[in-house]
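Engineer: Just data19.cif, nothing more (mmCIF, C-alpha atoms and all ligand atoms):
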```cif
data_entry
loop_
_atom_site.label_atom_id
_atom_site.label_comp_id
_atom_site.auth_asym_id
_atom_site.auth_seq_id
_atom_site.Cartn_x
_atom_site.Cartn_y
_atom_site.Cartn_z
CA MET Z 1 123.03 164.11 147.64
CA ALA Z 2 125.69 161.79 149.13
CA ARG Z 3 127.44 162.96 152.28
CA SER Z 4 131.20 162.79 152.58
CA GLN Z 5 132.40 159.19 152.91
CA ALA Z 6 133.51 159.61 156.52
CA SER Z 7 130.16 160.62 157.89
CA ALA Z 8 127.38 158.78 156.03
CA ARG Z 9 124.98 157.33 158.60
CA VAL Z 10 122.68 154.40 157.99
CA VAL Z 11 120.16 153.41 160.63
CA VAL Z 12 118.61 149.95 160.34
CA ILE Z 13 115.40 149.31 162.29
CA GLY Z 14 114.82 145.66 163.20
CA GLY Z 15 117.57 143.18 164.04
CA GLY Z 16 115.88 140.11 162.58
CA ILE Z 17 117.06 138.32 159.46
CA GLY Z 18 116.62 141.18 156.99
CA GLY Z 19 117.89 143.98 159.23
CA ALA Z 20 120.89 142.15 160.67
CA THR Z 21 121.99 141.14 157.16
CA VAL Z 22 121.75 144.71 155.78
CA ALA Z 23 123.71 146.03 158.77
CA LYS Z 24 126.42 143.38 158.47
CA TYR Z 25 126.88 143.64 154.69
CA LEU Z 26 127.03 147.45 154.81
CA ALA Z 27 129.47 147.51 157.72
CA ALA Z 28 131.66 144.76 156.25
CA ASN Z 29 131.79 145.99 152.66
CA ALA Z 30 131.30 149.75 152.57
CA ALA Z 31 134.09 151.87 154.06
CA GLY Z 32 132.98 155.21 155.50
CA ILE Z 33 129.45 154.25 156.48
CA GLU Z 34 128.46 154.30 160.14
CA VAL Z 35 125.85 151.62 160.77
CA THR Z 36 123.42 151.61 163.70
CA LEU Z 37 121.05 148.69 164.28
CA VAL Z 38 117.95 149.27 166.43
CA GLU Z 39 116.42 146.13 167.96
CA PRO Z 40 114.55 145.83 171.28
CA LYS Z 41 115.44 142.19 171.93
CA ALA Z 42 118.84 141.27 173.40
CA ARG Z 43 118.76 137.96 171.49
CA TYR Z 44 116.88 136.79 168.40
CA THR Z 45 115.19 133.39 168.08
CA THR Z 46 114.63 132.05 164.58
CA CYS Z 47 111.17 131.03 163.47
CA PHE Z 48 112.81 128.65 161.04
CA PHE Z 49 113.41 125.26 162.66
CA SER Z 50 110.97 126.16 165.48
CA ALA Z 51 108.83 123.17 164.42
CA LEU Z 52 111.80 120.97 165.42
CA TYR Z 53 111.66 122.57 168.87
CA LEU Z 54 107.91 121.87 169.11
CA ALA Z 55 108.63 118.24 168.23
CA GLY Z 56 111.31 117.98 170.94
CA MET Z 57 114.12 117.62 168.40
CA ARG Z 58 115.97 120.90 169.10
CA SER Z 59 116.28 123.28 172.04
CA LEU Z 60 115.12 126.89 171.77
CA GLU Z 61 118.62 127.93 172.85
CA SER Z 62 120.05 126.30 169.71
CA LEU Z 63 117.77 128.61 167.67
CA THR Z 64 118.79 131.79 169.52
CA HIS Z 65 121.47 134.25 168.41
CA GLY Z 66 123.12 137.33 169.94
CA TYR Z 67 124.44 140.57 168.42
CA GLU Z 68 127.95 140.49 169.94
CA THR Z 69 129.76 139.54 166.72
CA LEU Z 70 127.96 142.21 164.69
CA ALA Z 71 129.12 144.79 167.23
CA GLN Z 72 132.64 143.53 167.84
CA ARG Z 73 133.78 142.25 164.45
CA TYR Z 74 131.94 144.69 162.19
CA GLY Z 75 131.75 147.78 164.41
CA ILE Z 76 127.95 148.06 164.16
CA LYS Z 77 126.42 150.19 166.87
CA ILE Z 78 123.67 148.08 168.43
CA VAL Z 79 120.91 150.06 170.13
CA HIS Z 80 118.58 147.85 172.16
CA ASP Z 81 115.50 150.01 171.94
CA PHE Z 82 112.23 150.24 170.04
CA ALA Z 83 111.93 152.69 167.14
CA ALA Z 84 108.77 154.60 168.03
CA ALA Z 85 108.53 156.99 165.04
CA ILE Z 86 110.33 158.22 161.94
CA ASP Z 87 110.65 161.85 160.91
CA PRO Z 88 111.49 161.67 157.18
CA VAL Z 89 111.90 165.46 156.91
CA ALA Z 90 114.37 165.88 159.78
CA LYS Z 91 115.75 162.39 158.90
CA THR Z 92 115.64 161.12 162.45
CA VAL Z 93 114.35 158.03 164.22
CA ASN Z 94 112.68 158.59 167.60
CA LEU Z 95 113.44 155.90 170.13
CA LYS Z 96 110.93 154.68 172.71
CA SER Z 97 113.42 155.54 175.47
CA GLY Z 98 113.39 159.16 174.30
CA GLY Z 99 116.58 159.51 172.22
CA LYS Z 100 116.82 160.42 168.52
CA LEU Z 101 119.03 158.86 165.84
CA PRO Z 102 119.91 160.97 162.78
CA TYR Z 103 120.32 159.17 159.44
CA ASP Z 104 121.27 159.73 155.81
CA ARG Z 105 119.57 156.51 154.73
CA LEU Z 106 117.09 154.49 156.72
CA VAL Z 107 116.35 150.77 156.39
CA LEU Z 108 113.25 149.20 157.91
CA ALA Z 109 113.08 145.46 158.51
CA PRO Z 110 110.27 145.21 161.07
CA GLY Z 111 108.91 141.82 159.96
CA ILE Z 112 105.19 141.18 160.39
CA ALA Z 113 102.32 142.42 162.54
CA PHE Z 114 99.02 140.64 163.14
CA LYS Z 115 95.58 141.88 162.09
CA PHE Z 116 94.04 141.44 165.50
CA ASP Z 117 90.76 143.02 164.41
CA ALA Z 118 90.21 140.52 161.58
CA ILE Z 119 88.69 137.60 163.50
CA GLU Z 120 86.17 138.17 166.31
CA GLY Z 121 87.61 137.23 169.70
CA TYR Z 122 91.26 136.99 168.64
CA ASP Z 123 93.13 139.94 170.10
CA GLU Z 124 96.54 140.32 171.74
CA ALA Z 125 95.22 138.97 175.08
CA ALA Z 126 93.93 135.83 173.29
CA THR Z 127 97.52 134.96 172.21
CA LYS Z 128 98.18 133.95 175.84
CA ILE Z 129 95.53 131.22 175.56
CA MET Z 130 95.70 130.37 171.85
CA PRO Z 131 99.32 131.15 170.91
CA HIS Z 132 100.16 132.04 167.32
CA ALA Z 133 103.84 131.17 167.80
CA TRP Z 134 104.47 132.96 164.49
CA ILE Z 135 107.12 135.24 166.01
CA ALA Z 136 109.54 132.93 167.76
CA GLY Z 137 110.30 133.18 171.48
CA PRO Z 138 107.85 133.15 174.44
CA GLN Z 139 104.93 132.29 172.11
CA THR Z 140 106.76 129.21 170.82
CA GLU Z 141 107.57 128.14 174.37
CA LEU Z 142 103.93 128.54 175.39
CA LEU Z 143 102.74 126.37 172.50
CA ARG Z 144 105.31 123.70 173.37
CA GLN Z 145 104.17 123.68 177.03
CA GLN Z 146 100.56 123.30 175.94
CA LEU Z 147 101.42 120.39 173.63
CA ASP Z 148 103.50 118.76 176.38
CA SER Z 149 100.66 118.93 178.89
CA MET Z 150 97.94 117.88 176.43
CA GLU Z 151 96.49 114.46 177.22
CA ASP Z 152 96.82 111.64 174.73
CA GLY Z 153 93.68 111.59 172.58
CA GLY Z 154 93.36 115.39 172.44
CA VAL Z 155 92.82 117.46 169.29
CA PHE Z 156 95.50 119.98 168.28
CA LEU Z 157 93.76 122.61 166.20
CA ILE Z 158 95.80 124.81 163.84
CA VAL Z 159 94.17 127.78 162.13
CA SER Z 160 96.14 128.64 158.99
CA PRO Z 161 96.00 132.25 157.72
CA PRO Z 162 95.02 133.74 154.35
CA ASN Z 163 97.68 134.69 151.79
CA PRO Z 164 100.07 136.44 151.88
CA PHE Z 165 101.68 135.40 155.15
CA ARG Z 166 105.09 134.62 156.66
CA CYS Z 167 106.43 131.23 155.51
CA PRO Z 168 103.85 129.61 153.18
CA PRO Z 169 104.79 125.98 154.10
CA GLY Z 170 105.09 126.83 157.84
CA PRO Z 171 101.66 125.79 159.24
CA TYR Z 172 101.83 122.44 157.42
CA GLU Z 173 105.43 121.75 158.47
CA ARG Z 174 104.31 122.47 162.05
CA ALA Z 175 101.42 119.98 161.67
CA SER Z 176 103.84 117.36 160.30
CA LEU Z 177 106.38 117.63 163.10
CA VAL Z 178 103.79 117.84 165.88
CA ALA Z 179 102.30 114.65 164.36
CA TYR Z 180 105.80 113.14 164.53
CA TYR Z 181 105.85 114.00 168.26
CA PHE Z 182 102.30 112.69 168.83
CA LYS Z 183 103.10 109.44 167.03
CA GLN Z 184 105.81 108.71 169.61
CA PHE Z 185 104.25 110.07 172.80
CA LYS Z 186 100.48 110.67 172.30
CA PRO Z 187 99.48 108.30 169.51
CA ARG Z 188 95.70 108.64 169.98
CA SER Z 189 95.85 112.42 169.40
CA LYS Z 190 94.70 114.16 166.22
CA ILE Z 191 95.57 117.34 164.35
CA LEU Z 192 92.90 119.40 162.64
CA ILE Z 193 93.93 122.23 160.31
CA LEU Z 194 91.23 124.82 159.65
CA ASP Z 195 92.44 126.78 156.65
CA ALA Z 196 91.48 130.27 155.52
CA LYS Z 197 92.49 129.09 152.01
CA ASP Z 198 91.38 126.39 149.56
CA SER Z 199 94.88 125.17 148.74
CA PHE Z 200 98.38 125.59 150.11
CA PHE Z 201 102.01 125.58 149.08
CA GLU Z 202 103.57 122.13 148.45
CA GLN Z 203 100.15 120.58 149.17
CA GLU Z 204 100.83 117.33 147.31
CA LEU Z 205 104.15 116.82 149.09
CA PHE Z 206 102.54 117.34 152.49
CA GLN Z 207 99.47 115.22 151.85
CA ASP Z 208 101.63 112.39 150.51
CA ALA Z 209 103.80 112.56 153.65
CA TRP Z 210 100.78 112.63 155.99
CA VAL Z 211 99.45 109.41 154.46
CA ARG Z 212 102.86 107.70 154.64
CA HIS Z 213 103.96 108.84 158.12
CA TYR Z 214 100.80 109.71 160.05
CA PRO Z 215 97.79 107.86 158.56
CA GLY Z 216 94.50 109.11 160.00
CA MET Z 217 96.18 111.64 162.28
CA ILE Z 218 96.04 114.92 160.30
CA GLU Z 219 92.86 116.35 158.80
CA TRP Z 220 92.88 119.49 156.64
CA LEU Z 221 89.67 121.45 156.06
CA PRO Z 222 89.80 124.14 153.35
CA ALA Z 223 87.75 127.37 153.50
CA GLN Z 224 85.35 126.09 150.82
CA PHE Z 225 84.40 123.24 153.17
CA THR Z 226 84.01 125.27 156.39
CA GLY Z 227 82.83 128.54 154.84
CA GLY Z 228 85.81 130.34 156.42
CA ILE Z 229 86.99 131.21 159.93
CA LYS Z 230 84.58 133.59 161.70
CA ALA Z 231 85.40 133.83 165.43
CA VAL Z 232 87.25 132.27 168.34
CA ASP Z 233 86.20 131.72 171.94
CA ILE Z 234 89.16 131.51 174.28
CA LYS Z 235 86.98 130.35 177.20
CA ASP Z 236 86.12 127.01 175.64
CA LEU Z 237 89.07 126.82 173.19
CA SER Z 238 86.83 126.81 170.16
CA VAL Z 239 86.98 128.19 166.64
CA LYS Z 240 83.79 129.09 164.83
CA THR Z 241 83.55 128.71 161.07
CA ALA Z 242 80.56 129.63 158.88
CA GLY Z 243 79.06 126.15 159.29
CA GLU Z 244 80.38 124.61 162.50
CA THR Z 245 82.26 125.20 165.76
CA PHE Z 246 85.44 123.19 166.37
CA LYS Z 247 87.00 122.61 169.78
CA GLY Z 248 90.65 121.87 170.47
CA ALA Z 249 92.62 120.69 173.49
CA VAL Z 250 95.32 123.04 172.20
CA VAL Z 251 94.61 125.79 169.66
CA ASN Z 252 97.33 127.38 167.55
CA PHE Z 253 95.68 130.38 165.91
CA ILE Z 254 97.87 131.98 163.23
CA PRO Z 255 96.21 135.33 162.45
CA PRO Z 256 96.07 137.23 159.15
CA GLN Z 257 99.20 139.36 158.73
CA MET Z 258 100.56 142.68 157.49
CA ALA Z 259 103.86 144.60 157.55
CA GLY Z 260 105.27 145.39 161.03
CA GLY Z 261 103.64 148.27 162.96
CA LEU Z 262 106.21 150.98 162.32
CA ALA Z 263 105.88 150.51 158.54
CA GLN Z 264 102.11 151.08 158.84
CA GLN Z 265 102.53 154.08 161.10
CA ALA Z 266 105.18 155.69 158.85
CA GLY Z 267 102.98 155.42 155.75
CA LEU Z 268 105.25 152.91 154.03
CA ALA Z 269 102.50 150.29 153.55
CA ASP Z 270 99.79 150.56 150.91
CA GLN Z 271 96.20 149.31 151.11
CA SER Z 272 97.37 145.70 150.93
CA GLY Z 273 99.05 146.19 154.32
CA TRP Z 274 102.51 145.51 152.80
CA CYS Z 275 105.26 147.88 151.61
CA PRO Z 276 105.85 148.28 147.87
CA VAL Z 277 109.57 148.54 146.98
CA GLU Z 278 111.77 149.26 143.98
CA PRO Z 279 113.06 145.83 142.90
CA ARG Z 280 116.68 146.93 142.30
CA THR Z 281 117.29 148.87 145.52
CA PHE Z 282 114.48 147.93 147.94
CA GLU Z 283 113.81 151.64 148.34
CA SER Z 284 110.21 152.37 149.30
CA LYS Z 285 107.95 153.30 146.39
CA LEU Z 286 106.05 155.54 148.82
CA GLN Z 287 108.90 157.43 150.55
CA ARG Z 288 112.29 158.09 148.96
CA GLY Z 289 115.42 157.59 151.08
CA ILE Z 290 113.81 154.81 153.12
CA HIS Z 291 114.50 151.17 152.23
CA ILE Z 292 112.50 148.16 153.36
CA VAL Z 293 113.55 144.51 153.35
CA GLY Z 294 112.14 141.22 154.57
CA ASP Z 295 108.60 140.05 155.17
CA ALA Z 296 107.22 143.61 155.27
CA THR Z 297 107.81 144.09 151.52
CA SER Z 298 105.54 143.43 148.56
CA GLY Z 299 106.06 143.51 144.83
CA GLY Z 300 105.84 140.41 142.67
CA ASP Z 301 106.48 136.77 143.46
CA MET Z 302 108.49 137.12 146.68
CA PRO Z 303 107.63 134.52 149.35
CA LYS Z 304 108.02 135.75 152.93
CA SER Z 305 111.05 133.71 153.95
CA ALA Z 306 114.27 134.22 155.89
CA PHE Z 307 116.36 133.12 152.92
CA LEU Z 308 114.78 135.73 150.69
CA ALA Z 309 114.96 138.44 153.40
CA ASN Z 310 118.71 137.78 153.54
CA SER Z 311 119.00 137.90 149.73
CA GLN Z 312 116.98 141.16 149.54
CA ALA Z 313 119.13 142.63 152.32
CA LYS Z 314 122.34 142.09 150.33
CA VAL Z 315 120.83 143.77 147.24
CA CYS Z 316 119.69 146.66 149.46
CA ALA Z 317 123.07 147.01 151.23
CA PHE Z 318 124.99 147.23 147.95
CA ALA Z 319 122.47 149.73 146.52
CA ILE Z 320 122.83 151.96 149.61
CA ALA Z 321 126.64 151.71 149.49
CA ALA Z 322 126.57 152.75 145.82
CA ALA Z 323 124.28 155.71 146.58
CA LEU Z 324 126.29 156.94 149.58
CA THR Z 325 129.88 156.21 148.60
CA GLY Z 326 129.79 155.87 144.81
CA SER Z 327 130.90 152.20 145.02
CA ALA Z 328 130.12 149.87 142.10
CA ARG Z 329 126.47 149.00 141.41
CA PHE Z 330 125.63 145.31 141.10
CA ALA Z 331 122.82 143.72 139.15
CA PRO Z 332 120.45 142.28 141.78
CA HIS Z 333 120.50 138.50 142.27
CA LEU Z 334 117.70 137.18 144.42
CA PHE Z 335 117.37 133.58 145.52
CA ASN Z 336 115.24 131.57 147.90
CA THR Z 337 115.65 128.01 149.12
CA CYS Z 338 113.30 126.60 151.72
CA PHE Z 339 113.83 123.30 153.49
CA THR Z 340 110.69 121.77 154.95
CA PHE Z 341 110.63 118.88 157.41
CA LEU Z 342 107.93 116.22 157.04
CA ALA Z 343 109.43 113.85 159.65
CA ALA Z 344 112.81 113.50 161.40
CA ASP Z 345 114.36 111.77 158.38
CA ASP Z 346 112.16 113.17 155.60
CA ALA Z 347 112.51 116.72 154.26
CA VAL Z 348 111.82 118.47 150.96
CA SER Z 349 113.18 121.63 149.42
CA ASP Z 350 112.16 124.28 146.95
CA ALA Z 351 114.59 126.65 145.30
CA ILE Z 352 113.76 129.70 143.21
CA ALA Z 353 115.71 132.43 141.44
CA LEU Z 354 114.04 135.83 141.02
CA GLU Z 355 114.68 138.83 138.81
CA PRO Z 356 113.36 142.39 138.50
CA GLU Z 357 110.82 142.61 135.70
CA GLY Z 358 108.55 145.53 134.90
CA GLY Z 359 108.83 147.21 138.32
CA ALA Z 360 108.23 143.98 140.26
CA ILE Z 361 110.22 140.87 141.14
CA LYS Z 362 109.36 137.71 139.25
CA ILE Z 363 110.41 134.08 139.58
CA SER Z 364 112.77 133.11 136.75
CA GLU Z 365 113.68 129.54 137.78
CA ILE Z 366 112.14 126.97 140.10
CA LEU Z 367 113.30 123.60 141.40
CA ILE Z 368 111.12 121.68 143.83
CA SER Z 369 111.11 118.19 145.43
CA GLU Z 370 108.66 115.67 144.01
CA VAL Z 371 106.24 113.12 145.40
CA GLY Z 372 107.74 109.60 145.15
CA GLU Z 373 111.39 110.43 145.82
CA ASP Z 374 113.25 107.62 147.62
CA ALA Z 375 114.02 107.68 151.34
CA GLU Z 376 117.74 108.29 150.82
CA THR Z 377 117.06 111.44 148.73
CA ARG Z 378 114.87 112.76 151.54
CA ARG Z 379 117.52 111.94 154.18
CA GLN Z 380 120.05 113.93 152.14
CA VAL Z 381 117.68 116.94 152.19
CA VAL Z 382 117.52 116.66 156.02
CA LYS Z 383 121.33 116.76 156.07
CA ALA Z 384 121.42 119.74 153.72
CA ALA Z 385 118.81 121.55 155.85
CA ASN Z 386 120.85 121.16 159.04
CA GLY Z 387 123.98 122.38 157.26
CA TRP Z 388 122.02 125.32 155.86
CA TYR Z 389 120.83 126.41 159.31
CA ASP Z 390 124.39 126.75 160.63
CA ALA Z 391 125.80 128.43 157.51
CA PHE Z 392 122.84 130.76 157.14
CA THR Z 393 122.70 132.00 160.74
CA HIS Z 394 126.47 132.53 160.59
CA ASP Z 395 125.96 134.64 157.44
CA VAL Z 396 123.40 136.80 159.29
CA PHE Z 397 124.78 137.08 162.83
CA GLY Z 398 128.38 135.77 162.67
C1 LIG G 401 107.09 128.62 161.82
C2 LIG G 401 107.96 129.33 160.83
C3 LIG G 401 108.90 128.62 160.11
C4 LIG G 401 109.72 129.28 159.19
N1 LIG G 401 110.62 128.54 158.46
C5 LIG G 401 111.38 129.15 157.53
C6 LIG G 401 112.35 128.40 156.79
O1 LIG G 401 112.48 127.17 156.96
N2 LIG G 401 113.12 129.06 155.90
C7 LIG G 401 113.00 130.40 155.69
O2 LIG G 401 113.73 130.94 154.86
N3 LIG G 401 112.10 131.14 156.39
C8 LIG G 401 111.30 130.56 157.30
N4 LIG G 401 110.40 131.30 158.03
C9 LIG G 401 110.21 132.74 157.72
C10 LIG G 401 111.22 133.65 158.39
O3 LIG G 401 111.24 133.46 159.79
C11 LIG G 401 110.88 135.10 158.08
O4 LIG G 401 110.63 135.23 156.71
C12 LIG G 401 112.04 136.04 158.45
O5 LIG G 401 112.24 136.02 159.83
C13 LIG G 401 111.76 137.45 157.96
O6 LIG G 401 112.79 138.32 158.36
P1 LIG G 401 112.47 139.85 158.71
O7 LIG G 401 113.77 140.49 158.94
O8 LIG G 401 111.53 140.42 157.72
O9 LIG G 401 111.63 139.76 160.08
P2 LIG G 401 112.08 139.21 161.50
O10 LIG G 401 113.13 138.19 161.35
O11 LIG G 401 110.83 138.86 162.22
O12 LIG G 401 112.74 140.47 162.20
C14 LIG G 401 112.03 141.63 162.51
C15 LIG G 401 112.72 142.31 163.69
O13 LIG G 401 112.31 143.67 163.78
C16 LIG G 401 112.20 144.02 165.13
N5 LIG G 401 111.31 145.18 165.19
C17 LIG G 401 110.01 145.26 164.79
N6 LIG G 401 109.55 146.50 164.97
C18 LIG G 401 110.58 147.24 165.48
C19 LIG G 401 110.71 148.59 165.88
N7 LIG G 401 109.70 149.48 165.77
N8 LIG G 401 111.92 149.00 166.36
C20 LIG G 401 112.97 148.14 166.45
N9 LIG G 401 112.89 146.84 166.07
C21 LIG G 401 111.71 146.40 165.60
C22 LIG G 401 111.65 142.75 165.80
O14 LIG G 401 111.94 142.73 167.20
C23 LIG G 401 112.39 141.64 165.03
O15 LIG G 401 113.58 141.23 165.67
C24 LIG G 401 109.59 130.68 158.98
C25 LIG G 401 108.66 131.39 159.73
C26 LIG G 401 107.83 130.73 160.65
C27 LIG G 401 106.84 131.53 161.45
#
```
Output the file's structure as structure tokens, nothing else.

Structural biologist:
Amino acid sequence: MARSQASARVVVIGGGIGGATVAKYLAANAAGIEVTLVEPKARYTTCFFSALYLAGMRSLESLTHGYETLAQRYGIKIVHDFAAAIDPVAKTVNLKSGGKLPYDRLVLAPGIAFKFDAIEGYDEAATKIMPHAWIAGPQTELLRQQLDSMEDGGVFLIVSPPNPFRCPPGPYERASLVAYYFKQFKPRSKILILDAKDSFFEQELFQDAWVRHYPGMIEWLPAQFTGGIKAVDIKDLSVKTAGETFKGAVVNFIPPQMAGGLAQQAGLADQSGWCPVEPRTFESKLQRGIHIVGDATSGGDMPKSAFLANSQAKVCAFAIAAALTGSARFAPHLFNTCFTFLAADDAVSDAIALEPEGGAIKISEILISEVGEDAETRRQVVKAANGWYDAFTHDVFG
């Protein structure tokens, strides 16, 4: 039952793209709801555009955002702490520092966690030697330092994870922009992608770009060729597949993924490792009164992207406002546009619209760049991508 308008409390766990958007859209649009956002980090660095940082084209600072505006302009209470547990009966969140936060509705946006037990030898300690750089920040800096100090002629080995994972074009965009950097500064170097899959998103667009921009520099080996990734050895920077062992001068190991730890611990994830949600409200299908947005969710054709996390968050915020305050219900509109860089002046985009259908979320429209587009078209996509970054991060944090 809805509480009185003056006292409804929503706690949002996770101040990344999904969580910050839910908090902002609730606080900005729903009178009478008190919003608290729990996030351990003082500042958030975006994964998107981190390949530009690896290529030396952007600073990490330019990808980093604070929570001041969310607190000052929208009155959101920001708690810099880690949510350690949820008590769905008492409706409280236990903080790592020892406090408790009561809620009427809870939103979880914890992002991803890594399946460290999936590949022999790759555990949390191994990330210090073979960074995943799949959560932006210190890991991304470490990978950049390793690439900077790699000698010309070295092999940069990327291990790409099985589906589903955060940002389907991400590993291949990273390969493209590191190749762009190598081409200028370490032209004898090579990139080898060992894939856990047999195909990947926008494959034709990438492979066309690799031939045009970086001939002979990037090699991609699918799982059917290697027999799959079996183990890593951090001592000699090698990755063992079923048939062969590959060594790198720098190894970027992107592990298999699942919903963030708290979602697992709170019983919000099913056997797939991801959290099933109602498509119109993003309420958990496993626990009523708790909503989940962002990469942690599952249910249909949703790619794990920042754009879609932001779109889901708006649907979720308006559904919570309607449930708590009786405000108007809106039909959900979900969109995703991803811009992918192939070189400094060459980018492609894919845009999809999604709709609830039969308890899941399905793609209803799709528009994607094509092989053979002229250079000016691709330069315009680069321009649009840069404009999108500023507008999008303002929508989330500004
Ligand atoms: C290399 C790369 C490139 C990408 N490029 C693009 C792109 O071009 N376009 C695009 O749309 N997407 C892109 N993405 C994907 C995008 O970054 C993610 O989809 C997006 O960040 C998901 O948002 P989220 O809110 O689910 O998770 P996140 O943004 O990761 O936020 C999760 C937050 O929850 C916090 N948290 C976790 N557990 C707890 C807890 N127990 N208590 C409190 N806080 C907690 C974390 O500290 C974190 O801040 C890219 C990703 C990568 C890795």

Engineer: Using all atoms listed in the file, find each residue in range 50-157 of chain Z having at least one atom no more than 10 Å away from range 173-181 of chain Z; report its shortest atom-to-atom pair and that distance in Å (one decimal), rows by chain then rising number, as JSON lines.

Structural biologist:
```
{"residue": "Z:Ser50", "atom": "CA", "partner": "Z:Arg174", "partner_atom": "CA", "distance": 8.4}
{"residue": "Z:Ala51", "atom": "CA", "partner": "Z:Arg174", "partner_atom": "CA", "distance": 5.2}
{"residue": "Z:Leu52", "atom": "CA", "partner": "Z:Leu177", "partner_atom": "CA", "distance": 6.8}
{"residue": "Z:Tyr53", "atom": "CA", "partner": "Z:Leu177", "partner_atom": "CA", "distance": 9.3}
{"residue": "Z:Leu54", "atom": "CA", "partner": "Z:Val178", "partner_atom": "CA", "distance": 6.6}
{"residue": "Z:Ala55", "atom": "CA", "partner": "Z:Tyr181", "partner_atom": "CA", "distance": 5.1}
{"residue": "Z:Gly56", "atom": "CA", "partner": "Z:Tyr181", "partner_atom": "CA", "distance": 7.3}
{"residue": "Z:Met57", "atom": "CA", "partner": "Z:Tyr181", "partner_atom": "CA", "distance": 9.0}
{"residue": "Z:Arg144", "atom": "CA", "partner": "Z:Val178", "partner_atom": "CA", "distance": 9.6}
{"residue": "Z:Leu147", "atom": "CA", "partner": "Z:Val178", "partner_atom": "CA", "distance": 8.5}
{"residue": "Z:Asp148", "atom": "CA", "partner": "Z:Tyr181", "partner_atom": "CA", "distance": 9.7}
{"residue": "Z:Phe156", "atom": "CA", "partner": "Z:Ala175", "partner_atom": "CA", "distance": 8.9}
{"residue": "Z:Leu157", "atom": "CA", "partner": "Z:Ala175", "partner_atom": "CA", "distance": 9.3}
```

Engineer: Could you pull the residues within 7 Å of range 116-124 of chain Z, counting all atoms listed in the file, minus those fewer than 4 positions along the same chain, as JSON, numbers by chain?

Structural biologist: {"Z": [230, 231, 232, 233]}

Engineer: May I ask for the distance between atom O15 of ligand LIG 401 (chain G) and CA of Pro40 in chain Z, given in Å to one decimal place?

Structural biologist: 7.3 Å

Engineer: From the set Z:Thr92, Z:Ser160, Z:Ser97, Z:Ser199, which residue has the shortest atom-to-atom contact distance to Val239 in chain Z, counting only C-alpha atoms?

Structural biologist: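 Distance minimum relative to Val239 in chain Z lands on Z:Ser160.
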
Engineer: Write out as a ChimeraX atom specification each polymer residue whose atoms come within 12 Å of Ala384 in chain Z, counting only C-alpha atoms; drop sequence neighbours fewer than 3 positions from it.

Structural biologist: /Z:337-341,345-349,377-381,387-392

Engineer: Could you write out that same residue set with C-alpha atoms as a CSV table (one decimal), in the frame of the given file?

Structural biologist:
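Produced file selection-v9.csv, reproduced below:
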```csv
chain,number,residue,atom,x,y,z
Z,337,THR,CA,115.6,128.0,149.1
Z,338,CYS,CA,113.3,126.6,151.7
Z,339,PHE,CA,113.8,123.3,153.5
Z,340,THR,CA,110.7,121.8,155.0
Z,341,PHE,CA,110.6,118.9,157.4
Z,345,ASP,CA,114.4,111.8,158.4
Z,346,ASP,CA,112.2,113.2,155.6
Z,347,ALA,CA,112.5,116.7,154.3
Z,348,VAL,CA,111.8,118.5,151.0
Z,349,SER,CA,113.2,121.6,149.4
Z,377,THR,CA,117.1,111.4,148.7
Z,378,ARG,CA,114.9,112.8,151.5
Z,379,ARG,CA,117.5,111.9,154.2
Z,380,GLN,CA,120.0,113.9,152.1
Z,381,VAL,CA,117.7,116.9,152.2
Z,387,GLY,CA,124.0,122.4,157.3
Z,388,TRP,CA,122.0,125.3,155.9
Z,389,TYR,CA,120.8,126.4,159.3
Z,390,ASP,CA,124.4,126.8,160.6
Z,391,ALA,CA,125.8,128.4,157.5
Z,392,PHE,CA,122.8,130.8,157.1
```

Engineer: Quick one: residues within 10 Å of range 149-151 of chain Z, only C-alpha atoms, excluding same-chain residues fewer than 5 positions away - as a list of chain:residue names?

Structural biologist: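 My reading of the contact set: Z:Arg144, Z:Phe156, Z:Phe185, Z:Lys186, Z:Arg188, Z:Ser189, Z:Ala249, Z:Val250.
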
Engineer: Which of these residues is nearest to ligand LIG 401 (chain G), using all atoms listed in the file: Z:Asp270, Z:Glu373, Z:Glu204, Z:Glu39?

Structural biologist: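 Comparing Z:Asp270, Z:Glu373, Z:Glu204, Z:Glu39 against ligand LIG 401 (chain G), the winner is Z:Glu39.
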
Engineer: Please report as JSON lines every residue of range 134-186 of chain Z lying within 8 Å of range 289-306 of chain Z, along with the nearest atom pair and their distance in Å (one decimal), using all atoms listed in the file.

Structural biologist:
```
{"residue": "Z:Phe165", "atom": "CA", "partner": "Z:Lys304", "partner_atom": "CA", "distance": 6.7}
{"residue": "Z:Arg166", "atom": "CA", "partner": "Z:Lys304", "partner_atom": "CA", "distance": 4.9}
{"residue": "Z:Cys167", "atom": "CA", "partner": "Z:Lys304", "partner_atom": "CA", "distance": 5.4}
{"residue": "Z:Pro168", "atom": "CA", "partner": "Z:Pro303", "partner_atom": "CA", "distance": 7.3}
```

Engineer: Around all listed atoms of ligand LIG 401 (chain G), padded 6 Å per side, what centre and edge lengths does the axis-aligned box have in Å to one decimal, as AutoDock Vina command-line options?

Structural biologist:
```
--center_x 110.3 --center_y 138.3 --center_z 161.0 --size_x 18.9 --size_y 34.3 --size_z 24.3
```

Engineer: What does the structure give for the distance between CA of Cys47 in chain Z and CA of Val35 in chain Z, in Å to one decimal?

Structural biologist: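 Straight-line distance from CA of Cys47 in chain Z to CA of Val35 in chain Z works out to 25.4 Å.
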
Engineer: Suppose you want the space between CA of Val155 in chain Z and atom O5 of ligand LIG 401 (chain G); what is it in Å?

Structural biologist: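 CA of Val155 in chain Z sits 28.5 Å away from atom O5 of ligand LIG 401 (chain G).
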